[in-house]
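Undergrad: Got a file for you: data-v2.csv, CSV, C-alpha atoms and all ligand atoms.
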```csv
chain,number,residue,atom,x,y,z
D,120,MET,CA,3.7,-10.0,18.8
D,121,ASP,CA,1.8,-11.4,15.8
D,122,THR,CA,-0.2,-9.2,13.4
D,123,GLU,CA,-3.6,-9.6,15.1
D,124,ASN,CA,-1.9,-8.7,18.4
D,125,VAL,CA,-0.5,-5.5,16.9
D,126,ILE,CA,-3.9,-4.5,15.6
D,127,HIS,CA,-5.5,-5.3,19.0
D,128,THR,CA,-2.9,-3.3,20.9
D,129,PHE,CA,-3.3,-0.3,18.7
D,130,VAL,CA,-7.1,-0.2,18.6
D,131,GLU,CA,-7.4,-0.8,22.4
D,132,TYR,CA,-4.8,1.9,23.2
D,133,PHE,CA,-6.9,4.5,21.3
D,134,ARG,CA,-10.2,3.2,22.6
D,135,ASP,CA,-8.9,3.8,26.1
D,136,ARG,CA,-8.4,7.4,25.0
D,137,GLY,CA,-11.9,8.0,23.8
D,138,HIS,CA,-11.7,6.8,20.2
D,139,ARG,CA,-14.5,4.8,18.5
D,140,ARG,CA,-13.6,2.2,16.0
D,141,ILE,CA,-15.0,2.6,12.6
D,142,THR,CA,-15.3,-0.3,10.2
D,143,GLY,CA,-12.6,-0.1,7.5
D,144,SER,CA,-14.0,0.4,4.0
D,145,THR,CA,-13.3,-1.9,1.1
D,146,LEU,CA,-10.6,-1.0,-1.5
D,147,LEU,CA,-13.4,0.6,-3.6
D,148,PRO,CA,-13.9,4.3,-2.8
D,149,PRO,CA,-17.5,5.6,-2.8
D,150,PRO,CA,-19.1,6.4,-6.1
D,151,GLY,CA,-18.1,9.8,-7.4
D,152,ASP,CA,-14.6,9.6,-6.0
D,153,SER,CA,-12.1,10.2,-8.8
D,154,VAL,CA,-9.5,7.6,-7.7
D,155,LEU,CA,-9.7,3.9,-8.5
D,156,PHE,CA,-8.8,2.5,-5.1
D,157,THR,CA,-8.6,3.6,-1.5
D,158,THR,CA,-5.0,4.8,-1.1
D,159,SER,CA,-4.9,5.8,2.6
D,160,GLY,CA,-6.8,5.4,5.8
D,161,MET,CA,-8.1,9.0,5.7
D,162,HIS,CA,-9.4,8.6,2.2
D,163,PRO,CA,-12.9,7.5,3.1
D,164,LEU,CA,-13.0,10.2,5.8
D,165,THR,CA,-12.4,13.2,3.6
D,166,PRO,CA,-15.9,14.6,4.0
D,167,TYR,CA,-15.5,14.5,7.8
D,168,VAL,CA,-12.1,16.2,7.7
D,169,GLU,CA,-13.8,18.9,5.7
D,170,GLY,CA,-16.4,19.5,8.5
D,171,ARG,CA,-19.3,17.1,8.1
D,172,PRO,CA,-20.0,15.6,11.6
D,173,HIS,CA,-19.1,12.0,11.9
D,174,PRO,CA,-21.8,9.8,13.4
D,175,LEU,CA,-19.3,8.2,15.8
D,176,GLY,CA,-17.9,11.5,17.1
D,177,ARG,CA,-14.6,13.4,16.9
D,178,ARG,CA,-12.1,10.7,17.9
D,179,LEU,CA,-11.9,7.7,15.6
D,180,VAL,CA,-9.6,4.7,15.1
D,181,ASN,CA,-9.6,2.1,12.3
D,182,VAL,CA,-7.8,-0.5,10.2
D,183,GLN,CA,-8.1,0.3,6.5
D,184,ARG,CA,-6.9,-1.8,3.6
D,185,CYS,CA,-5.3,0.4,0.9
D,186,LEU,CA,-3.9,-0.2,-2.6
D,187,ARG,CA,-1.1,2.0,-4.2
D,188,THR,CA,-0.1,1.4,-7.7
D,189,THR,CA,2.5,4.2,-7.5
D,190,ASP,CA,4.7,1.7,-5.6
D,191,LEU,CA,4.2,-1.2,-8.1
D,192,ASP,CA,7.8,-1.0,-9.4
D,193,GLU,CA,9.1,-0.9,-5.8
D,194,VAL,CA,7.5,-4.2,-4.9
D,195,GLY,CA,10.2,-6.8,-4.4
D,196,ASP,CA,12.1,-4.6,-1.9
D,197,SER,CA,11.6,-5.2,1.8
D,198,THR,CA,8.9,-2.7,2.7
D,199,HIS,CA,6.6,-2.1,-0.2
D,200,LEU,CA,3.4,-4.0,-0.8
D,201,THR,CA,0.6,-3.3,-3.4
D,202,VAL,CA,-2.2,-4.0,-0.9
D,203,PHE,CA,-1.3,-3.0,2.6
D,204,GLU,CA,-3.1,-2.0,5.8
D,205,MET,CA,-3.0,1.2,7.6
D,206,LEU,CA,-3.8,1.6,11.3
D,207,GLY,CA,-5.3,5.1,11.6
D,208,THR,CA,-6.5,7.6,14.1
D,209,TRP,CA,-8.4,10.9,13.7
D,210,SER,CA,-9.0,13.9,15.7
D,211,LEU,CA,-11.8,15.7,13.8
D,212,GLY,CA,-11.5,19.2,15.2
D,213,ASP,CA,-10.8,17.7,18.7
D,214,TYR,CA,-7.2,17.3,20.2
D,215,ASP,CA,-4.2,18.8,18.5
D,216,GLY,CA,-1.1,17.3,16.8
D,217,ASP,CA,1.1,17.7,19.9
D,218,ARG,CA,-1.1,15.4,21.8
D,219,SER,CA,-1.3,12.9,18.9
D,220,ILE,CA,2.5,12.8,18.7
D,221,ALA,CA,2.8,12.3,22.4
D,222,TRP,CA,0.3,9.4,22.4
D,223,GLY,CA,2.0,7.9,19.4
D,224,HIS,CA,5.4,8.0,21.0
D,225,ASP,CA,4.1,6.5,24.2
D,226,LEU,CA,2.4,3.7,22.3
D,227,LEU,CA,5.6,2.8,20.3
D,228,VAL,CA,7.8,2.8,23.4
D,229,ASP,CA,5.5,1.5,26.2
D,230,GLY,CA,2.9,-0.4,24.2
D,231,PHE,CA,5.0,-2.0,21.5
D,232,GLY,CA,8.3,-2.0,23.5
D,233,ILE,CA,10.4,-0.2,20.9
D,234,ASP,CA,13.8,1.0,22.2
D,235,PRO,CA,13.3,4.9,22.4
D,236,GLY,CA,16.9,5.3,21.2
D,237,LEU,CA,16.0,3.7,17.9
D,238,LEU,CA,13.5,6.4,17.0
D,239,HIS,CA,13.9,9.5,14.8
D,240,ALA,CA,11.3,12.0,13.7
D,241,THR,CA,10.9,14.3,10.7
D,242,VAL,CA,9.0,17.6,10.9
D,243,PHE,CA,7.9,20.2,8.4
D,244,GLY,CA,10.4,23.0,8.4
D,245,GLY,CA,8.4,25.5,6.5
D,246,ASP,CA,8.3,26.7,2.9
D,247,GLU,CA,7.1,29.8,1.0
D,248,HIS,CA,3.4,28.9,1.6
D,249,CYS,CA,3.4,27.8,5.3
D,250,GLY,CA,5.6,28.3,8.3
D,251,PRO,CA,7.5,25.6,10.2
D,252,ASP,CA,5.5,23.2,12.4
D,253,THR,CA,7.0,24.4,15.7
D,254,GLY,CA,4.4,22.5,17.9
D,255,SER,CA,5.6,19.1,16.6
D,256,LEU,CA,9.2,20.1,16.8
D,257,ARG,CA,8.8,21.1,20.4
D,258,THR,CA,7.0,18.0,21.4
D,259,TRP,CA,9.7,15.7,20.0
D,260,GLU,CA,12.4,17.7,21.5
D,261,GLU,CA,10.8,17.6,24.9
D,262,ARG,CA,10.7,13.8,24.6
D,263,GLY,CA,14.4,13.6,23.6
D,264,VAL,CA,13.6,12.3,20.1
D,265,PRO,CA,16.0,13.6,17.4
D,266,VAL,CA,14.3,15.6,14.6
D,267,GLU,CA,15.1,16.2,11.0
D,268,LEU,CA,13.5,19.2,9.4
D,269,THR,CA,12.4,18.9,5.7
D,270,ALA,CA,10.0,20.7,3.4
D,271,GLU,CA,8.0,18.8,0.7
D,272,GLU,CA,8.7,15.3,2.4
D,273,ASN,CA,6.7,16.5,5.3
D,274,TRP,CA,3.7,18.0,3.5
D,275,TRP,CA,0.8,15.5,3.1
D,276,SER,CA,-1.9,15.8,0.4
D,277,ASN,CA,-4.0,13.3,-1.3
D,278,GLY,CA,-3.9,15.0,-4.7
D,279,PRO,CA,-3.4,18.4,-6.2
D,280,THR,CA,-6.5,19.8,-4.4
D,281,GLY,CA,-8.3,19.1,-1.2
D,282,PRO,CA,-7.4,18.6,2.5
D,283,CYS,CA,-3.6,18.7,3.3
D,284,GLY,CA,-1.2,19.9,5.9
D,285,PRO,CA,2.3,19.5,7.4
D,286,ASP,CA,3.1,16.1,8.8
D,287,SER,CA,5.5,14.5,11.2
D,288,GLU,CA,6.9,11.1,10.4
D,289,ILE,CA,8.3,8.6,12.9
D,290,PHE,CA,11.1,6.3,11.8
D,291,VAL,CA,12.6,3.2,13.5
D,292,TRP,CA,16.2,2.3,13.0
D,293,THR,CA,16.6,-1.2,11.6
D,294,GLY,CA,20.4,-1.4,11.1
D,295,ASP,CA,22.7,-3.9,12.8
D,296,THR,CA,25.0,-1.1,14.0
D,297,PRO,CA,23.9,1.9,16.2
D,298,PRO,CA,21.8,4.5,14.4
D,299,ARG,CA,23.6,6.8,12.0
D,300,SER,CA,22.6,9.7,9.8
D,301,THR,CA,19.0,10.9,9.6
D,302,PRO,CA,15.9,9.4,7.9
D,303,THR,CA,16.5,11.1,4.6
D,304,GLY,CA,20.1,10.0,4.6
D,305,ASP,CA,19.9,6.2,5.4
D,306,GLU,CA,17.2,3.9,4.2
D,307,ARG,CA,17.7,1.7,7.3
D,308,TRP,CA,15.5,4.3,9.0
D,309,VAL,CA,12.0,2.7,8.2
D,310,GLU,CA,9.1,5.1,8.3
D,311,VAL,CA,6.3,3.6,10.4
D,312,TRP,CA,3.9,6.3,11.4
D,313,ASN,CA,2.7,9.6,9.9
D,314,HIS,CA,0.9,12.3,11.9
D,315,VAL,CA,-0.7,14.8,9.6
D,316,MET,CA,-1.9,18.2,10.9
D,317,MET,CA,-4.7,18.4,8.5
D,318,ARG,CA,-5.6,22.1,8.8
D,319,TYR,CA,-5.6,23.3,5.2
D,320,ARG,CA,-7.4,22.8,1.9
D,321,ARG,CA,-5.7,23.5,-1.4
D,322,GLY,CA,-7.9,25.1,-4.0
D,323,ALA,CA,-7.8,24.6,-7.7
D,324,ASP,CA,-5.7,27.8,-8.1
D,325,GLY,CA,-3.1,26.4,-5.7
D,326,SER,CA,-3.9,28.6,-2.8
D,327,LEU,CA,-4.2,27.4,0.8
D,328,SER,CA,-7.2,28.1,3.0
D,329,LEU,CA,-8.0,26.9,6.5
D,330,LEU,CA,-10.4,24.0,6.8
D,331,PRO,CA,-13.4,24.7,9.0
D,332,GLN,CA,-11.8,22.7,11.8
D,333,SER,CA,-8.2,21.7,12.6
D,334,ASN,CA,-7.8,17.9,12.3
D,335,VAL,CA,-5.1,15.3,13.0
D,336,ASP,CA,-4.9,12.3,10.7
D,337,THR,CA,-2.4,9.5,11.5
D,338,GLY,CA,-1.5,6.4,9.5
D,339,LEU,CA,0.7,3.6,10.7
D,340,GLY,CA,1.8,0.9,8.2
D,341,LEU,CA,0.7,-2.4,9.8
D,342,GLU,CA,3.1,-4.7,7.9
D,343,ARG,CA,6.1,-2.5,8.4
D,344,LEU,CA,5.5,-2.1,12.1
D,345,THR,CA,5.0,-5.8,12.5
D,346,ALA,CA,8.2,-6.5,10.7
D,347,VAL,CA,10.1,-4.2,13.0
D,348,LEU,CA,8.4,-5.7,16.1
D,349,GLN,CA,9.2,-9.2,15.0
D,350,GLY,CA,12.8,-8.3,14.2
D,351,LYS,CA,12.4,-9.2,10.6
D,352,ARG,CA,14.3,-7.7,7.7
D,353,SER,CA,11.3,-7.6,5.4
D,354,VAL,CA,7.5,-7.6,5.6
D,355,PHE,CA,7.6,-10.9,3.7
D,356,GLU,CA,9.1,-12.6,6.7
D,357,THR,CA,6.3,-11.7,9.1
D,358,ASP,CA,3.5,-14.0,10.2
D,359,LEU,CA,1.2,-12.3,7.6
D,360,PHE,CA,3.2,-13.9,4.8
D,361,GLU,CA,4.1,-17.2,6.6
D,362,PRO,CA,1.8,-19.4,4.5
D,363,TRP,CA,3.0,-17.8,1.3
D,364,MET,CA,6.7,-18.1,2.1
D,365,ARG,CA,6.2,-21.7,3.3
D,366,THR,CA,4.3,-23.0,0.2
D,367,VAL,CA,5.3,-20.9,-2.9
D,368,PRO,CA,9.1,-21.5,-3.0
D,369,SER,CA,8.6,-25.3,-3.1
D,370,LEU,CA,5.8,-24.9,-5.7
D,371,TRP,CA,7.8,-22.5,-7.9
D,372,PRO,CA,11.5,-22.0,-7.2
D,373,LEU,CA,12.2,-18.3,-7.8
D,374,ASP,CA,14.9,-15.7,-7.0
D,375,GLU,CA,14.1,-13.5,-4.0
D,376,PRO,CA,12.7,-10.4,-5.8
D,377,SER,CA,10.5,-12.6,-8.1
D,378,LEU,CA,9.2,-14.5,-5.1
D,379,ARG,CA,8.3,-11.3,-3.3
D,380,LEU,CA,6.6,-10.0,-6.5
D,381,VAL,CA,4.6,-13.2,-7.0
D,382,CYS,CA,3.5,-13.3,-3.4
D,383,ASP,CA,2.6,-9.6,-3.2
D,384,HIS,CA,0.7,-9.5,-6.5
D,385,LEU,CA,-1.2,-12.7,-6.0
D,386,ARG,CA,-2.2,-11.8,-2.5
D,387,SER,CA,-3.2,-8.3,-3.7
D,388,ALA,CA,-5.2,-9.8,-6.6
D,389,ILE,CA,-7.1,-12.1,-4.2
D,390,VAL,CA,-8.1,-9.1,-2.1
D,391,VAL,CA,-9.1,-7.0,-5.1
D,392,ILE,CA,-11.2,-9.8,-6.5
D,393,GLY,CA,-12.6,-10.4,-3.0
D,394,ASP,CA,-13.8,-6.8,-3.0
D,395,GLY,CA,-15.7,-7.5,-6.2
D,396,VAL,CA,-13.4,-6.4,-9.1
D,397,LEU,CA,-13.0,-8.5,-12.2
D,398,PRO,CA,-10.2,-8.2,-14.7
D,399,SER,CA,-10.8,-5.8,-17.6
D,400,ASN,CA,-9.0,-3.5,-20.0
D,401,THR,CA,-9.9,-0.3,-18.1
D,402,GLY,CA,-9.9,1.2,-14.6
D,403,ARG,CA,-9.7,-1.1,-11.5
D,404,GLY,CA,-10.1,-4.2,-13.6
D,405,TYR,CA,-7.0,-3.2,-15.6
D,406,VAL,CA,-4.9,-2.8,-12.4
D,407,LEU,CA,-6.0,-6.3,-11.4
D,408,ARG,CA,-5.2,-7.6,-14.9
D,409,ARG,CA,-1.7,-6.1,-14.7
D,410,LEU,CA,-1.1,-7.7,-11.3
D,411,VAL,CA,-2.1,-11.2,-12.5
D,412,ARG,CA,-0.2,-10.8,-15.8
D,413,ARG,CA,3.0,-9.7,-14.0
D,414,VAL,CA,2.8,-12.8,-11.9
D,415,LEU,CA,2.3,-15.1,-14.9
D,416,THR,CA,5.1,-13.4,-16.8
D,417,THR,CA,7.4,-13.9,-13.9
D,418,LEU,CA,6.5,-17.5,-13.5
D,419,TRP,CA,6.6,-18.4,-17.2
D,420,ARG,CA,9.9,-16.8,-17.7
D,421,VAL,CA,11.4,-19.8,-15.9
D,422,ASP,CA,8.9,-22.5,-16.8
D,423,PRO,CA,5.9,-21.9,-19.1
D,424,SER,CA,4.0,-25.0,-17.7
D,425,ARG,CA,3.4,-23.3,-14.3
D,426,THR,CA,-0.2,-22.6,-13.5
D,427,LEU,CA,-2.1,-20.7,-10.9
D,428,GLY,CA,-4.3,-23.8,-10.6
D,429,ASP,CA,-1.5,-25.3,-8.4
D,430,LEU,CA,-1.9,-22.5,-5.7
D,431,PRO,CA,-2.8,-24.2,-2.4
D,432,GLY,CA,-6.4,-23.4,-1.1
D,433,GLU,CA,-4.7,-22.4,2.2
D,434,LEU,CA,-3.4,-19.2,0.6
D,435,PHE,CA,-6.8,-18.1,-0.6
D,436,GLN,CA,-8.4,-18.9,2.8
D,437,HIS,CA,-5.7,-17.2,4.8
D,438,THR,CA,-5.9,-14.0,2.8
D,439,LEU,CA,-9.7,-13.8,2.5
D,440,ASP,CA,-10.1,-14.6,6.2
D,441,HIS,CA,-7.6,-11.9,7.2
D,442,PHE,CA,-9.4,-9.3,5.2
D,443,GLY,CA,-12.9,-10.4,6.3
D,444,GLN,CA,-13.8,-11.6,2.8
D,445,CYS,CA,-14.6,-15.2,3.7
D,446,GLY,CA,-16.9,-17.2,1.5
D,447,HIS,CA,-15.3,-16.2,-1.8
D,448,THR,CA,-12.6,-18.8,-2.0
D,449,GLY,CA,-14.0,-20.8,-5.0
D,450,SER,CA,-15.0,-17.8,-7.0
D,451,VAL,CA,-11.7,-16.0,-6.5
D,452,ARG,CA,-9.8,-19.0,-7.8
D,453,THR,CA,-12.1,-19.2,-10.8
D,454,VAL,CA,-11.5,-15.6,-11.7
D,455,LEU,CA,-7.7,-16.1,-11.5
D,456,LEU,CA,-7.8,-19.2,-13.7
D,457,ASP,CA,-10.0,-17.5,-16.3
D,458,GLU,CA,-7.6,-14.7,-16.5
D,459,GLU,CA,-4.7,-17.1,-16.9
D,460,ARG,CA,-6.4,-18.8,-19.8
D,461,ARG,CA,-7.2,-15.5,-21.4
D,462,PHE,CA,-3.6,-14.4,-21.2
D,463,THR,CA,-2.4,-17.8,-22.5
D,464,ARG,CA,-4.6,-17.4,-25.6
D,465,LEU,CA,-3.6,-13.8,-26.1
D,466,LEU,CA,0.1,-14.8,-26.0
D,467,GLU,CA,-0.5,-17.6,-28.5
D,468,ARG,CA,-2.3,-15.3,-30.8
D,469,GLY,CA,0.4,-12.6,-30.4
D,470,ARG,CA,3.2,-15.1,-31.3
D,471,ARG,CA,1.3,-16.3,-34.4
D,472,VAL,CA,0.6,-12.8,-35.7
D,473,LEU,CA,4.0,-11.4,-35.0
D,474,SER,CA,5.6,-14.3,-36.9
D,475,GLN,CA,4.2,-12.9,-40.1
D,476,SER,CA,6.9,-11.6,-42.4
D,477,ARG,CA,5.4,-8.1,-42.4
D,478,PHE,CA,6.4,-7.7,-38.7
D,479,SER,CA,9.9,-9.0,-39.1
D,480,GLY,CA,11.5,-5.5,-39.1
D,481,GLY,CA,10.8,-2.5,-36.9
D,482,LEU,CA,7.2,-1.7,-36.1
D,483,THR,CA,5.5,1.6,-37.0
D,484,GLU,CA,2.8,3.4,-35.1
D,485,GLU,CA,0.4,2.1,-37.7
D,486,ASP,CA,1.5,-1.5,-37.0
D,487,TYR,CA,0.9,-1.0,-33.3
D,488,GLY,CA,-2.5,0.4,-34.0
D,489,TYR,CA,-3.4,-2.5,-36.3
D,490,LEU,CA,-2.1,-5.1,-33.8
D,491,HIS,CA,-4.2,-3.5,-31.1
D,492,ASP,CA,-7.4,-2.8,-32.9
D,493,THR,CA,-7.5,-5.9,-35.1
D,494,HIS,CA,-5.9,-8.5,-32.9
D,495,GLY,CA,-6.4,-7.1,-29.4
D,496,LEU,CA,-2.6,-7.1,-28.7
D,497,PRO,CA,-1.6,-4.2,-26.5
D,498,ARG,CA,1.7,-2.4,-27.2
D,499,ASP,CA,3.3,-3.7,-23.9
D,500,LEU,CA,2.6,-7.2,-24.8
D,501,VAL,CA,3.9,-6.8,-28.4
D,502,LEU,CA,7.1,-5.2,-27.0
D,503,GLY,CA,7.5,-8.1,-24.5
D,504,LEU,CA,7.0,-10.8,-27.1
D,505,ARG,CA,9.5,-9.2,-29.4
D,506,GLY,CA,12.0,-8.6,-26.6
D,507,GLY,CA,11.8,-12.2,-25.5
D,508,THR,CA,9.7,-11.6,-22.4
D,509,GLN,CA,6.0,-12.0,-22.3
D,510,GLU,CA,4.8,-8.8,-20.7
T,1,LIG,N1,-2.8,10.3,5.5
T,1,LIG,C1,-1.5,10.0,6.0
T,1,LIG,C2,-0.8,8.9,5.2
T,1,LIG,O1,-1.3,8.4,4.3
T,1,LIG,C3,-1.6,9.5,7.4
T,1,LIG,O2,-2.8,8.7,7.6
T,1,LIG,O3,0.4,8.7,5.4
```
Go ahead and render the structure in this file as structure tokens.

TA:
Amino acid sequence: MDTENVIHTFVEYFRDRGHRRITGSTLLPPPGDSVLFTTSGMHPLTPYVEGRPHPLGRRLVNVQRCLRTTDLDEVGDSTHLTVFEMLGTWSLGDYDGDRSIAWGHDLLVDGFGIDPGLLHATVFGGDEHCGPDTGSLRTWEERGVPVELTAEENWWSNGPTGPCGPDSEIFVWTGDTPPRSTPTGDERWVEVWNHVMMRYRRGADGSLSLLPQSNVDTGLGLERLTAVLQGKRSVFETDLFEPWMRTVPSLWPLDEPSLRLVCDHLRSAIVVIGDGVLPSNTGRGYVLRRLVRRVLTTLWRVDPSRTLGDLPGELFQHTLDHFGQCGHTGSVRTVLLDEERRFTRLLERGRRVLSQSRFSGGLTEEDYGYLHDTHGLPRDLVLGLRGGTQE
């Protein structure tokens, strides 16, 4: 099953159960939102979870692109991506979590053909603020799926305040031997789907109150599920990354973690630029700048003559088409190349300035301030140049 097929199967399954498809938003949250990027499928739906009627009704399904910088350092392993897509469903004060879990289980087993013996669930076991999620526990037990009870791992919130609630996660076993241990005890259990019983709101004083309606918010990681269904060890081996893994290794021979980082960050940078962000020293533009500079640093560590100008047009096309951002290919390439030139000039200036004798010993805070304010050299870059790396 290729990625487009996974999306189609998911969306149609929920359409058959009365859900209307909403158009996924871009990576940019609406004005007034305090976060830089959309981090989950439910993010753009927050007002509706809090009670505002949604124009398409109480049962929704969508595909939402998300960006999480918290995972930046984990990129390079087999499941983490910077930009990823979440298949999501919502019951806005309509059906309950038990029904959501039952549908989810049926879809994984009957729709996607996953061996039921390879599934494990986790459920909120209760803490000092909220009792255990007995409904989810019972539903999984009735279906013969083993359950692990946890506390904070099964409480979902999008930040210190706002909508939140207990969640139940579904894991698929990806080991070569029969399943062992529980999801928190063996990382070969890969989390694919999270069902959040979004019933509460956390106030600024830390207290929990009930939302005006009881919602269910679910999110299923598209790339992870696809990897599982295609029997691949990593998301980078799925059809979504096929053009990248076919072209990049011959262009730039790299070790496996570096190859993954380069492909993930470049693909993410293309999508971010496709959504209208330009590199800068603050906010979203800074996240983009970091992505591009991490790529260049990785490439140049081996061979400083490498350039993003060599990236095949096919990679831009494939990525922008997938995310419905067609028509931007030329301008996205121009933004990347401009950023490469800027970074090259900055590194040259940095090397020149740091070769002055006054910087030959240890650097003081005053030196860092001077290098930043007078020469535009950020601390990270200075540290990298002095440590032999360029970031
Ligand atoms: N909000 C939940 C998550 O991000 C489910 O959509 O995992």

Undergrad: Leaving out Glu123 (chain D) and any residue of its chain fewer than 2 positions from it, which residues lie within 10 Å of it when counting all atoms listed in the file, given as a ChimeraX atom specification?

TA: /D:120-121,125-129,341,345,358-359,441

Undergrad: Which of these, D:His447, D:Arg320, D:Arg460, D:Arg412, has the shortest distance to Asp394 (chain D) once you count all atoms listed in the file?

TA: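 When distances to Asp394 (chain D) are compared using all atoms listed in the file, the smallest one comes from D:His447.
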
Undergrad: Could the residues of chain D that have an atom at most 9 Å from ligand LIG 1 (chain T) be listed as CSV, each with its closest atom pair and the distance in Å to one decimal, counting only C-alpha atoms and all ligand atoms and ordered by chain and ascending residue number?

TA:
```
residue,atom,partner,partner_atom,distance
D:Thr158,CA,T:LIG1,O1,7.5
D:Ser159,CA,T:LIG1,O1,4.8
D:Gly160,CA,T:LIG1,O2,5.5
D:Met161,CA,T:LIG1,N1,5.5
D:His162,CA,T:LIG1,N1,7.6
D:Met205,CA,T:LIG1,O2,7.5
D:Leu206,CA,T:LIG1,O2,8.1
D:Gly207,CA,T:LIG1,O2,5.9
D:Thr208,CA,T:LIG1,O2,7.6
D:Trp209,CA,T:LIG1,O2,8.6
D:Trp275,CA,T:LIG1,C1,6.6
D:Ser276,CA,T:LIG1,N1,7.6
D:Asn277,CA,T:LIG1,N1,7.5
D:Cys283,CA,T:LIG1,N1,8.7
D:Asp286,CA,T:LIG1,C1,8.1
D:Glu288,CA,T:LIG1,O3,8.5
D:Trp312,CA,T:LIG1,O3,7.3
D:Asn313,CA,T:LIG1,C3,5.0
D:His314,CA,T:LIG1,C3,5.9
D:Val315,CA,T:LIG1,C3,5.8
D:Met317,CA,T:LIG1,N1,8.8
D:Val335,CA,T:LIG1,C3,8.8
D:Asp336,CA,T:LIG1,O2,5.2
D:Thr337,CA,T:LIG1,O2,4.0
D:Gly338,CA,T:LIG1,O2,3.3
D:Leu339,CA,T:LIG1,O2,6.9
D:Gly340,CA,T:LIG1,O3,8.4
```

Undergrad: What's the 8 Å shell around region 195-204 of chain D, counting all atoms listed in the file, without same-chain residues fewer than 5 positions away, as a list in words?

TA: Val182, Gln183, Arg184, Cys185, Leu186, Arg187, Thr188, Asp190, Gly340, Leu341, Glu342, Arg343, Arg352, Ser353, Val354, Phe355, Glu375, Pro376, Ser377, Leu378, Arg379, Leu380, Asp383, His384, Arg386, Ser387 and Val390 of chain D

Undergrad: Could you please determine the separation between CA of Asp440 (chain D) and CA of Cys382 (chain D) in Å, to one decimal place?

TA: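 Separation of CA of Asp440 (chain D) and CA of Cys382 (chain D): 16.7 Å.
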
Undergrad: Just the number, please: distance in Å from CA of Gly230 (chain D) to CA of Trp274 (chain D), one decimal.

TA: 27.7 Å
